[in-house]
file run.cif (mmCIF, C-alpha atoms)
data_run
#
loop_
_atom_site.label_atom_id
_atom_site.label_comp_id
_atom_site.auth_asym_id
_atom_site.auth_seq_id
_atom_site.Cartn_x
_atom_site.Cartn_y
_atom_site.Cartn_z
CA MET A 17 -64.70 -92.07 -21.26
CA ILE A 18 -62.81 -91.49 -18.04
CA ASP A 19 -65.00 -91.38 -14.95
CA LEU A 20 -63.87 -88.15 -13.29
CA ASN A 21 -65.37 -89.34 -10.01
CA THR A 22 -62.61 -91.96 -9.81
CA ILE A 23 -59.75 -89.50 -10.36
CA ASN A 24 -58.02 -88.53 -7.12
CA LEU A 25 -56.46 -85.04 -7.15
CA ASN A 26 -53.72 -86.33 -4.89
CA ARG A 27 -52.67 -88.67 -7.69
CA LEU A 28 -52.62 -85.81 -10.17
CA THR A 29 -50.47 -83.84 -7.73
CA THR A 30 -48.15 -86.83 -7.40
CA PHE A 31 -47.94 -87.27 -11.18
CA VAL A 32 -47.06 -83.60 -11.71
CA ALA A 33 -44.43 -83.79 -8.94
CA VAL A 34 -42.87 -86.90 -10.52
CA VAL A 35 -42.61 -85.21 -13.92
CA GLU A 36 -41.17 -81.97 -12.52
CA ALA A 37 -38.80 -83.65 -10.06
CA GLY A 38 -37.61 -86.17 -12.65
CA SER A 39 -37.88 -89.31 -10.53
CA LEU A 40 -40.10 -91.11 -8.03
CA THR A 41 -37.50 -90.64 -5.32
CA ALA A 42 -37.20 -86.87 -5.83
CA ALA A 43 -40.99 -86.52 -6.00
CA ALA A 44 -41.35 -88.46 -2.76
CA GLU A 45 -38.90 -86.10 -1.04
CA ARG A 46 -40.74 -83.03 -2.38
CA LEU A 47 -44.15 -84.35 -1.28
CA GLY A 48 -43.01 -85.82 2.03
CA LEU A 49 -44.23 -89.29 1.06
CA ALA A 50 -42.66 -92.72 0.94
CA LYS A 51 -41.37 -93.72 -2.49
CA SER A 52 -43.65 -96.77 -2.36
CA MET A 53 -46.68 -94.51 -1.90
CA VAL A 54 -45.67 -92.36 -4.89
CA SER A 55 -45.24 -95.51 -6.99
CA LYS A 56 -48.65 -96.77 -5.85
CA HIS A 57 -50.32 -93.47 -6.78
CA MET A 58 -48.81 -93.67 -10.25
CA GLN A 59 -49.94 -97.27 -10.76
CA LEU A 60 -53.49 -96.47 -9.67
CA LEU A 61 -53.61 -93.34 -11.85
CA GLU A 62 -52.56 -95.27 -14.94
CA GLN A 63 -55.12 -97.95 -14.13
CA GLU A 64 -57.90 -95.40 -13.65
CA ILE A 65 -57.34 -93.61 -16.97
CA GLY A 66 -56.34 -96.76 -18.86
CA VAL A 67 -53.22 -95.22 -20.40
CA GLY A 68 -49.51 -95.58 -19.70
CA LEU A 69 -48.01 -92.24 -18.65
CA LEU A 70 -44.41 -93.04 -17.76
CA LEU A 71 -41.59 -94.93 -19.40
CA ARG A 72 -39.43 -96.45 -16.68
CA SER A 73 -35.84 -97.62 -17.07
CA THR A 74 -32.90 -98.22 -14.76
CA ARG A 75 -31.37 -94.88 -15.77
CA LYS A 76 -34.19 -92.43 -16.14
CA LEU A 77 -37.89 -91.79 -16.18
CA SER A 78 -39.59 -90.23 -19.19
CA LEU A 79 -43.10 -89.50 -20.42
CA THR A 80 -45.07 -91.31 -23.05
CA GLU A 81 -46.74 -89.17 -25.70
CA ALA A 82 -50.01 -89.49 -23.80
CA GLY A 83 -48.15 -88.67 -20.61
CA ARG A 84 -46.89 -85.36 -22.01
CA THR A 85 -50.42 -84.33 -22.97
CA PHE A 86 -51.83 -85.48 -19.65
CA TYR A 87 -49.12 -83.59 -17.74
CA ASP A 88 -50.08 -80.27 -19.36
CA SER A 89 -53.76 -80.87 -18.62
CA SER A 90 -53.04 -81.99 -15.05
CA ARG A 91 -51.02 -78.84 -14.29
CA GLN A 92 -53.81 -76.65 -15.63
CA LEU A 93 -56.39 -78.55 -13.59
CA LEU A 94 -54.38 -78.29 -10.37
CA GLN A 95 -53.71 -74.58 -10.95
CA ALA A 96 -57.42 -73.99 -11.55
CA ALA A 97 -58.25 -75.82 -8.31
CA GLU A 98 -55.65 -73.79 -6.38
CA GLN A 99 -56.93 -70.56 -7.87
CA ALA A 100 -60.53 -71.42 -7.04
CA ILE A 101 -59.59 -72.08 -3.42
CA GLU A 102 -57.48 -68.91 -3.31
CA GLN A 103 -60.32 -66.80 -4.69
CA VAL A 104 -62.66 -68.11 -2.01
CA ARG A 105 -60.14 -67.46 0.73
CA SER A 106 -58.79 -64.12 -0.45
CA GLY A 107 -61.84 -62.12 0.51
CA ARG A 108 -61.98 -63.52 4.03
CA ASN A 109 -58.66 -64.93 5.14
CA ALA A 110 -55.11 -63.75 5.42
CA PRO A 111 -52.43 -65.44 3.28
CA GLN A 112 -51.56 -68.90 4.51
CA GLY A 113 -49.61 -71.96 3.51
CA THR A 114 -45.96 -71.89 2.50
CA LEU A 115 -44.53 -69.07 0.38
CA ARG A 116 -41.48 -70.38 -1.48
CA VAL A 117 -39.17 -67.55 -2.52
CA ALA A 118 -35.80 -67.64 -4.30
CA SER A 119 -33.31 -64.77 -4.53
CA PRO A 120 -29.65 -64.03 -5.26
CA ILE A 121 -27.67 -64.45 -2.06
CA ASP A 122 -26.78 -60.86 -1.17
CA TYR A 123 -30.10 -59.30 -2.15
CA GLY A 124 -31.93 -62.15 -0.45
CA VAL A 125 -30.11 -61.74 2.85
CA ILE A 126 -30.02 -57.93 2.92
CA VAL A 127 -33.35 -56.96 1.35
CA VAL A 128 -35.70 -59.93 0.90
CA SER A 129 -35.23 -61.65 4.25
CA PRO A 130 -36.34 -58.64 6.37
CA VAL A 131 -39.41 -58.21 4.14
CA LEU A 132 -40.34 -61.86 4.64
CA ALA A 133 -39.86 -61.52 8.39
CA GLN A 134 -42.30 -58.60 8.37
CA LEU A 135 -44.82 -60.68 6.41
CA ARG A 136 -44.54 -63.47 8.98
CA ALA A 137 -45.24 -60.99 11.76
CA ARG A 138 -48.25 -59.65 9.84
CA TYR A 139 -49.62 -63.03 8.71
CA PRO A 140 -48.91 -65.72 11.34
CA ALA A 141 -50.55 -68.44 9.22
CA LEU A 142 -48.00 -67.85 6.44
CA LYS A 143 -44.86 -69.99 6.41
CA ILE A 144 -41.70 -68.94 4.58
CA ASP A 145 -39.19 -71.01 2.59
CA LEU A 146 -36.40 -68.73 1.28
CA THR A 147 -33.74 -70.16 -1.04
CA CYS A 148 -30.72 -67.92 -1.60
CA GLY A 149 -28.35 -68.74 -4.44
CA ASP A 150 -26.70 -67.08 -7.40
CA HIS A 151 -27.64 -69.84 -9.89
CA ARG A 152 -30.64 -69.46 -12.18
CA ILE A 153 -33.74 -70.94 -10.52
CA ASP A 154 -36.17 -73.12 -12.49
CA LEU A 155 -39.43 -72.09 -10.85
CA ILE A 156 -41.47 -75.05 -12.03
CA ALA A 157 -38.90 -77.78 -11.44
CA GLU A 158 -37.94 -76.47 -7.99
CA GLY A 159 -41.47 -75.65 -6.84
CA ILE A 160 -40.76 -71.93 -6.30
CA ASP A 161 -43.69 -69.48 -6.04
CA VAL A 162 -41.69 -66.36 -6.85
CA THR A 163 -38.03 -65.55 -7.51
CA VAL A 164 -36.19 -62.23 -7.44
CA ARG A 165 -33.97 -61.57 -10.45
CA LEU A 166 -31.45 -58.76 -10.86
CA GLY A 167 -30.79 -57.19 -14.24
CA LYS A 168 -32.13 -58.10 -17.67
CA LEU A 169 -34.77 -60.81 -17.77
CA ALA A 170 -34.53 -63.82 -20.02
CA ASP A 171 -37.55 -64.69 -22.16
CA SER A 172 -38.93 -67.49 -19.96
CA GLY A 173 -42.69 -67.27 -20.47
CA HIS A 174 -43.11 -66.36 -16.79
CA MET A 175 -44.76 -63.23 -15.43
CA ALA A 176 -42.70 -60.43 -13.86
CA ALA A 177 -43.29 -57.37 -11.70
CA ARG A 178 -40.66 -54.66 -11.27
CA VAL A 179 -39.88 -54.22 -7.58
CA ASP A 180 -36.67 -52.18 -7.35
CA THR A 181 -33.85 -50.46 -9.25
CA LEU A 182 -30.37 -51.99 -9.13
CA THR A 183 -27.80 -49.21 -8.65
CA ARG A 184 -24.08 -49.39 -7.92
CA TRP A 185 -21.52 -47.04 -6.41
CA LEU A 186 -17.74 -46.89 -6.42
CA VAL A 187 -16.65 -46.87 -2.78
CA ALA A 188 -13.50 -47.04 -0.68
CA SER A 189 -12.57 -46.68 2.97
CA PRO A 190 -11.40 -43.33 4.38
CA ALA A 191 -8.06 -44.97 5.24
CA PHE A 192 -7.55 -46.16 1.67
CA LEU A 193 -8.29 -42.71 0.24
CA ALA A 194 -5.95 -41.09 2.77
CA ALA A 195 -3.14 -43.43 1.69
CA HIS A 196 -3.70 -43.42 -2.08
CA GLY A 197 -5.44 -40.12 -2.69
CA THR A 198 -9.02 -39.42 -3.72
CA PRO A 199 -9.60 -39.83 -7.49
CA ALA A 200 -10.68 -36.58 -9.14
CA THR A 201 -11.54 -37.98 -12.58
CA PRO A 202 -12.19 -41.44 -14.08
CA ASP A 203 -8.65 -41.33 -15.52
CA ASP A 204 -7.32 -41.60 -11.97
CA LEU A 205 -8.98 -44.99 -11.39
CA PRO A 206 -7.24 -47.69 -13.48
CA ALA A 207 -3.92 -47.81 -11.60
CA LEU A 208 -5.46 -47.87 -8.12
CA PRO A 209 -5.86 -51.13 -6.15
CA TYR A 210 -9.24 -52.66 -7.02
CA ILE A 211 -11.60 -55.16 -5.39
CA ALA A 212 -13.58 -57.29 -7.87
CA LEU A 213 -16.81 -59.27 -7.50
CA SER A 214 -15.93 -62.22 -9.71
CA VAL A 215 -19.45 -63.52 -10.41
CA ILE A 216 -20.44 -60.53 -12.56
CA PRO A 217 -19.43 -60.24 -16.23
CA GLN A 218 -16.20 -58.29 -16.77
CA PRO A 219 -15.74 -57.49 -13.06
CA ALA A 220 -12.82 -55.09 -13.66
CA GLN A 221 -14.48 -53.13 -16.50
CA PHE A 222 -17.32 -50.63 -16.30
CA THR A 223 -18.71 -47.45 -17.84
CA LEU A 224 -19.18 -44.16 -15.99
CA SER A 225 -21.42 -41.29 -17.12
CA ASP A 226 -21.71 -37.75 -15.82
CA HIS A 227 -24.67 -35.35 -15.62
CA ALA A 228 -23.88 -33.97 -19.08
CA GLY A 229 -24.18 -37.42 -20.62
CA SER A 230 -20.48 -37.96 -21.24
CA GLU A 231 -19.37 -41.59 -20.92
CA VAL A 232 -15.98 -43.05 -20.00
CA ASP A 233 -15.05 -46.73 -20.21
CA VAL A 234 -12.82 -47.76 -17.30
CA ARG A 235 -10.62 -50.84 -17.13
CA MET A 236 -9.08 -51.42 -13.71
CA ARG A 237 -5.53 -52.80 -14.07
CA ASN A 238 -4.64 -53.61 -10.46
CA THR A 239 -7.10 -56.12 -9.00
CA VAL A 240 -5.71 -57.00 -5.58
CA PHE A 241 -8.70 -58.87 -4.17
CA SER A 242 -11.56 -60.76 -5.81
CA SER A 243 -14.35 -62.95 -4.50
CA ASN A 244 -17.62 -64.50 -5.66
CA THR A 245 -19.59 -62.97 -2.79
CA ALA A 246 -20.36 -59.34 -2.04
CA TYR A 247 -19.85 -59.97 1.68
CA ALA A 248 -16.17 -60.75 1.14
CA THR A 249 -15.58 -57.81 -1.21
CA ARG A 250 -17.32 -55.44 1.21
CA ALA A 251 -15.09 -56.71 4.04
CA ALA A 252 -12.02 -56.07 1.87
CA ALA A 253 -13.20 -52.54 1.13
CA LEU A 254 -13.81 -51.85 4.81
CA ALA A 255 -10.30 -53.12 5.53
CA GLY A 256 -8.88 -50.57 3.10
CA ASP A 257 -7.73 -52.98 0.38
CA GLY A 258 -8.99 -50.99 -2.60
CA ILE A 259 -11.82 -49.40 -4.55
CA LEU A 260 -14.98 -51.49 -4.87
CA ARG A 261 -17.85 -51.35 -7.34
CA ALA A 262 -20.73 -52.37 -5.08
CA THR A 263 -24.49 -52.61 -5.18
CA THR A 264 -26.04 -49.71 -3.31
CA PHE A 265 -28.16 -51.95 -1.10
CA SER A 266 -25.03 -53.72 0.20
CA VAL A 267 -23.00 -50.60 1.17
CA LYS A 268 -25.43 -47.71 1.70
CA ASP A 269 -25.41 -48.18 5.48
CA ASP A 270 -21.60 -48.13 5.49
CA VAL A 271 -21.58 -44.91 3.46
CA ALA A 272 -24.17 -43.31 5.76
CA ALA A 273 -22.04 -44.25 8.79
CA GLY A 274 -18.78 -43.03 7.21
CA ARG A 275 -17.16 -46.47 7.12
CA LEU A 276 -17.00 -46.19 3.32
CA VAL A 277 -16.91 -43.14 1.05
CA ARG A 278 -18.35 -42.78 -2.43
CA VAL A 279 -15.67 -42.31 -5.06
CA LEU A 280 -16.46 -39.94 -7.96
CA PRO A 281 -20.04 -39.35 -6.74
CA ASP A 282 -20.77 -37.07 -9.71
CA TRP A 283 -20.24 -40.02 -12.06
CA SER A 284 -22.87 -42.79 -12.33
CA LEU A 285 -22.72 -46.49 -13.12
CA PRO A 286 -25.43 -48.04 -15.34
CA GLU A 287 -28.70 -48.97 -13.62
CA SER A 288 -30.96 -51.95 -14.23
CA ASP A 289 -34.26 -53.28 -12.91
CA ILE A 290 -35.00 -55.85 -10.24
CA HIS A 291 -38.05 -58.04 -10.84
CA ALA A 292 -40.17 -60.53 -8.97
CA VAL A 293 -40.79 -63.41 -11.40
CA TYR A 294 -43.55 -65.97 -10.98
CA PRO A 295 -45.21 -68.65 -13.14
CA ALA A 296 -47.78 -67.36 -15.63
CA THR A 297 -51.26 -67.58 -14.17
CA SER A 298 -54.64 -65.94 -14.64
CA HIS A 299 -54.93 -65.41 -10.88
CA LEU A 300 -51.92 -64.29 -8.85
CA PRO A 301 -51.91 -66.21 -5.53
CA GLN A 302 -52.54 -63.96 -2.57
CA LYS A 303 -49.33 -65.01 -0.81
CA VAL A 304 -47.29 -63.95 -3.87
CA ARG A 305 -49.22 -60.70 -4.22
CA VAL A 306 -48.61 -59.60 -0.63
CA PHE A 307 -44.90 -60.43 -0.95
CA ILE A 308 -44.51 -58.36 -4.12
CA ASP A 309 -46.43 -55.46 -2.56
CA ALA A 310 -44.30 -55.62 0.59
CA LEU A 311 -41.05 -55.74 -1.39
CA LYS A 312 -42.09 -52.73 -3.46
CA ALA A 313 -43.01 -50.83 -0.31
CA ALA A 314 -39.66 -51.65 1.34
CA THR A 315 -37.56 -50.63 -1.67
CA GLY A 316 -39.66 -47.79 -3.00
CA GLY A 317 -39.90 -49.71 -6.29
#

call {"tool": "encode", "arguments": {"input": "run.cif", "output": "structure tokens"}}
result
Amino acid sequence: MIDLNTINLNRLTTFVAVVEAGSLTAAAERLGLAKSMVSKHMQLLEQEIGVGLLLRSTRKLSLTEAGRTFYDSSRQLLQAAEQAIEQVRSGRNAPQGTLRVASPIDYGVIVVSPVLAQLRARYPALKIDLTCGDHRIDLIAEGIDVTVRLGKLADSGHMAARVDTLTRWLVASPAFLAAHGTPATPDDLPALPYIALSVIPQPAQFTLSDHAGSEVDVRMRNTVFSSNTAYATRAAALAGDGILRATTFSVKDDVAAGRLVRVLPDWSLPESDIHAVYPATSHLPQKVRVFIDALKAATGG
């Protein structure tokens, strides 16, 4: 039988980091340790439990069958330890440690970043690590506490909390509408110059619906400007290049200030949900809970 008194939790943490990072070098970078120290921890751990956990080769690192079982148990043990500490702290102390958040670029910069800044002001012991990117984040492999996802969720086994509604408007600059005319019906749209956000599916096609429930499929035929970032498409719209289908959070201030005008405001684009997604756990860490609460409060979600 394994003597639990000889098992060092730091070695379990190192083992889990090695598995999730995929190599000793990547685990060392994540943990802020020398690679030699990570290797030493792994050697001592295998000696202590009397079982080989890793298969090492020049190309890659993989788990033995015992290693796969031990990894699952180690993660559960470390999560239980973290939860026990969090439960003790939650009644007395403010959130602390590092909150690692991931978000799509535009939503992260415009919406999430100000919320995190407010949390820092409220909880000085809390540190923030915000990763903004439009690629799908692997929470476990990248060590992320919570990620914001726009639109339909994939079946990942993670937990999710709805925090906002994703809405879009058709907008254009006053100068563009003065030069090209203001569309009166969806049929007026296809021939007009159009600005496309290229990272979304079918960027030049969309469906509009009115208050009576009628739907019209629109296919824009004259894309004059496209980009993979909403910042560039917004700049093109402000410059008068064309009509833009934009997320409300990215252009609502421009509409309020008159820099952009809603096109066909009586017609709506489909809505979807925005979620905060975090690893499944029986006890939500306090730092994640306060972030989700603050994001909901900021968005009205």

call {"tool": "resolve_selection", "arguments": {"input": "run.cif", "expression": "the PyMOL selection byres ((chain A and resi 262-273) around 7)", "output": "PDB file with C-alpha atoms, keeping the file's coordinate frame"}}
result
ATOM      1  CA  THR A 183     -27.800 -49.210  -8.650  1.00  0.00           C
ATOM      2  CA  ARG A 184     -24.080 -49.390  -7.920  1.00  0.00           C
ATOM      3  CA  TRP A 185     -21.520 -47.040  -6.410  1.00  0.00           C
ATOM      4  CA  LEU A 186     -17.740 -46.890  -6.420  1.00  0.00           C
ATOM      5  CA  LEU A 260     -14.980 -51.490  -4.870  1.00  0.00           C
ATOM      6  CA  ARG A 261     -17.850 -51.350  -7.340  1.00  0.00           C
ATOM      7  CA  GLY A 274     -18.780 -43.030   7.210  1.00  0.00           C
ATOM      8  CA  ARG A 275     -17.160 -46.470   7.120  1.00  0.00           C
ATOM      9  CA  LEU A 276     -17.000 -46.190   3.320  1.00  0.00           C
ATOM     10  CA  VAL A 277     -16.910 -43.140   1.050  1.00  0.00           C
TER      11      VAL A 277
END

call {"tool": "resolve_selection", "arguments": {"input": "run.cif", "expression": "the PyMOL selection byres ((chain A and resi 46) around 10)", "output": "PyMOL selection string"}}
result
chain A and resi 30+33-34+37+40-45+47-49+158-159

call {"tool": "closest_residue", "arguments": {"input": "run.cif", "among": "A:Gln92, A:Ala157, A:Leu166, A:Pro111", "to": "Leu142 (chain A)", "atoms": "only C-alpha atoms"}}
result
A:Pro111

call {"tool": "residues_around", "arguments": {"input": "run.cif", "residues": "region 209-220 of chain A", "least_positions_apart": "3", "cutoff": "12 Å", "atoms": "only C-alpha atoms", "output": "mmCIF file with C-alpha atoms, in the frame of the given file"}}
result
data_model
loop_
_atom_site.group_PDB
_atom_site.id
_atom_site.type_symbol
_atom_site.label_atom_id
_atom_site.label_comp_id
_atom_site.auth_asym_id
_atom_site.auth_seq_id
_atom_site.Cartn_x
_atom_site.Cartn_y
_atom_site.Cartn_z
ATOM 1 C CA PRO A 120 -29.650 -64.030 -5.260
ATOM 2 C CA ILE A 121 -27.670 -64.450 -2.060
ATOM 3 C CA ASP A 122 -26.780 -60.860 -1.170
ATOM 4 C CA GLY A 149 -28.350 -68.740 -4.440
ATOM 5 C CA ASP A 150 -26.700 -67.080 -7.400
ATOM 6 C CA HIS A 151 -27.640 -69.840 -9.890
ATOM 7 C CA LEU A 166 -31.450 -58.760 -10.860
ATOM 8 C CA GLY A 167 -30.790 -57.190 -14.240
ATOM 9 C CA LEU A 186 -17.740 -46.890 -6.420
ATOM 10 C CA VAL A 187 -16.650 -46.870 -2.780
ATOM 11 C CA ALA A 188 -13.500 -47.040 -0.680
ATOM 12 C CA SER A 189 -12.570 -46.680 2.970
ATOM 13 C CA PHE A 192 -7.550 -46.160 1.670
ATOM 14 C CA LEU A 193 -8.290 -42.710 0.240
ATOM 15 C CA ALA A 195 -3.140 -43.430 1.690
ATOM 16 C CA HIS A 196 -3.700 -43.420 -2.080
ATOM 17 C CA GLY A 197 -5.440 -40.120 -2.690
ATOM 18 C CA PRO A 199 -9.600 -39.830 -7.490
ATOM 19 C CA ASP A 204 -7.320 -41.600 -11.970
ATOM 20 C CA LEU A 205 -8.980 -44.990 -11.390
ATOM 21 C CA PRO A 206 -7.240 -47.690 -13.480
ATOM 22 C CA THR A 223 -18.710 -47.450 -17.840
ATOM 23 C CA ASP A 233 -15.050 -46.730 -20.210
ATOM 24 C CA VAL A 234 -12.820 -47.760 -17.300
ATOM 25 C CA ARG A 235 -10.620 -50.840 -17.130
ATOM 26 C CA MET A 236 -9.080 -51.420 -13.710
ATOM 27 C CA ARG A 237 -5.530 -52.800 -14.070
ATOM 28 C CA ASN A 238 -4.640 -53.610 -10.460
ATOM 29 C CA THR A 239 -7.100 -56.120 -9.000
ATOM 30 C CA VAL A 240 -5.710 -57.000 -5.580
ATOM 31 C CA PHE A 241 -8.700 -58.870 -4.170
ATOM 32 C CA SER A 242 -11.560 -60.760 -5.810
ATOM 33 C CA SER A 243 -14.350 -62.950 -4.500
ATOM 34 C CA ASN A 244 -17.620 -64.500 -5.660
ATOM 35 C CA THR A 245 -19.590 -62.970 -2.790
ATOM 36 C CA ALA A 246 -20.360 -59.340 -2.040
ATOM 37 C CA TYR A 247 -19.850 -59.970 1.680
ATOM 38 C CA ALA A 248 -16.170 -60.750 1.140
ATOM 39 C CA THR A 249 -15.580 -57.810 -1.210
ATOM 40 C CA ARG A 250 -17.320 -55.440 1.210
ATOM 41 C CA ALA A 251 -15.090 -56.710 4.040
ATOM 42 C CA ALA A 252 -12.020 -56.070 1.870
ATOM 43 C CA ALA A 253 -13.200 -52.540 1.130
ATOM 44 C CA LEU A 254 -13.810 -51.850 4.810
ATOM 45 C CA ALA A 255 -10.300 -53.120 5.530
ATOM 46 C CA GLY A 256 -8.880 -50.570 3.100
ATOM 47 C CA ASP A 257 -7.730 -52.980 0.380
ATOM 48 C CA GLY A 258 -8.990 -50.990 -2.600
ATOM 49 C CA ILE A 259 -11.820 -49.400 -4.550
ATOM 50 C CA LEU A 260 -14.980 -51.490 -4.870
ATOM 51 C CA ARG A 261 -17.850 -51.350 -7.340
ATOM 52 C CA ALA A 262 -20.730 -52.370 -5.080
ATOM 53 C CA THR A 263 -24.490 -52.610 -5.180
#

call {"tool": "closest_residue", "arguments": {"input": "run.cif", "among": "A:Met58, A:Met53, A:Ala97, A:Ala141", "to": "Val32 (chain A)", "atoms": "all atoms listed in the file"}}
result
A:Met58

call {"tool": "closest_residue", "arguments": {"input": "run.cif", "among": "A:Leu115, A:Ala50, A:Ala96, A:Ile160", "to": "Thr297 (chain A)", "atoms": "all atoms listed in the file"}}
result
A:Ala96

call {"tool": "atom_distance", "arguments": {"input": "run.cif", "atom1": "CA of Gly68 (chain A)", "atom2": "CA of Ala296 (chain A)"}}
result
28.6 Å

call {"tool": "residues_around", "arguments": {"input": "run.cif", "residues": "Leu71 (chain A)", "least_positions_apart": "5", "cutoff": "12 Å", "atoms": "all atoms listed in the file", "output": "ChimeraX atom specification"}}
result
/A:35,38-39,58,62,76-84

call {"tool": "resolve_selection", "arguments": {"input": "run.cif", "expression": "the PyMOL selection byres ((chain A and resi 133) around 12)", "output": "list of chain:residue names"}}
result
A:Leu115, A:Gly124, A:Val125, A:Ile126, A:Val127, A:Val128, A:Ser129, A:Pro130, A:Val131, A:Leu132, A:Gln134, A:Leu135, A:Arg136, A:Ala137, A:Arg138, A:Tyr139, A:Pro140, A:Leu142, A:Lys143, A:Ile144, A:Asp145, A:Leu146, A:Phe307, A:Ala310, A:Leu311

call {"tool": "atom_distance", "arguments": {"input": "run.cif", "atom1": "CA of Lys303 (chain A)", "atom2": "CA of Asn24 (chain A)"}}
result
25.9 Å

call {"tool": "atom_distance", "arguments": {"input": "run.cif", "atom1": "CA of Arg91 (chain A)", "atom2": "CA of Arg178 (chain A)"}}
result
26.5 Å
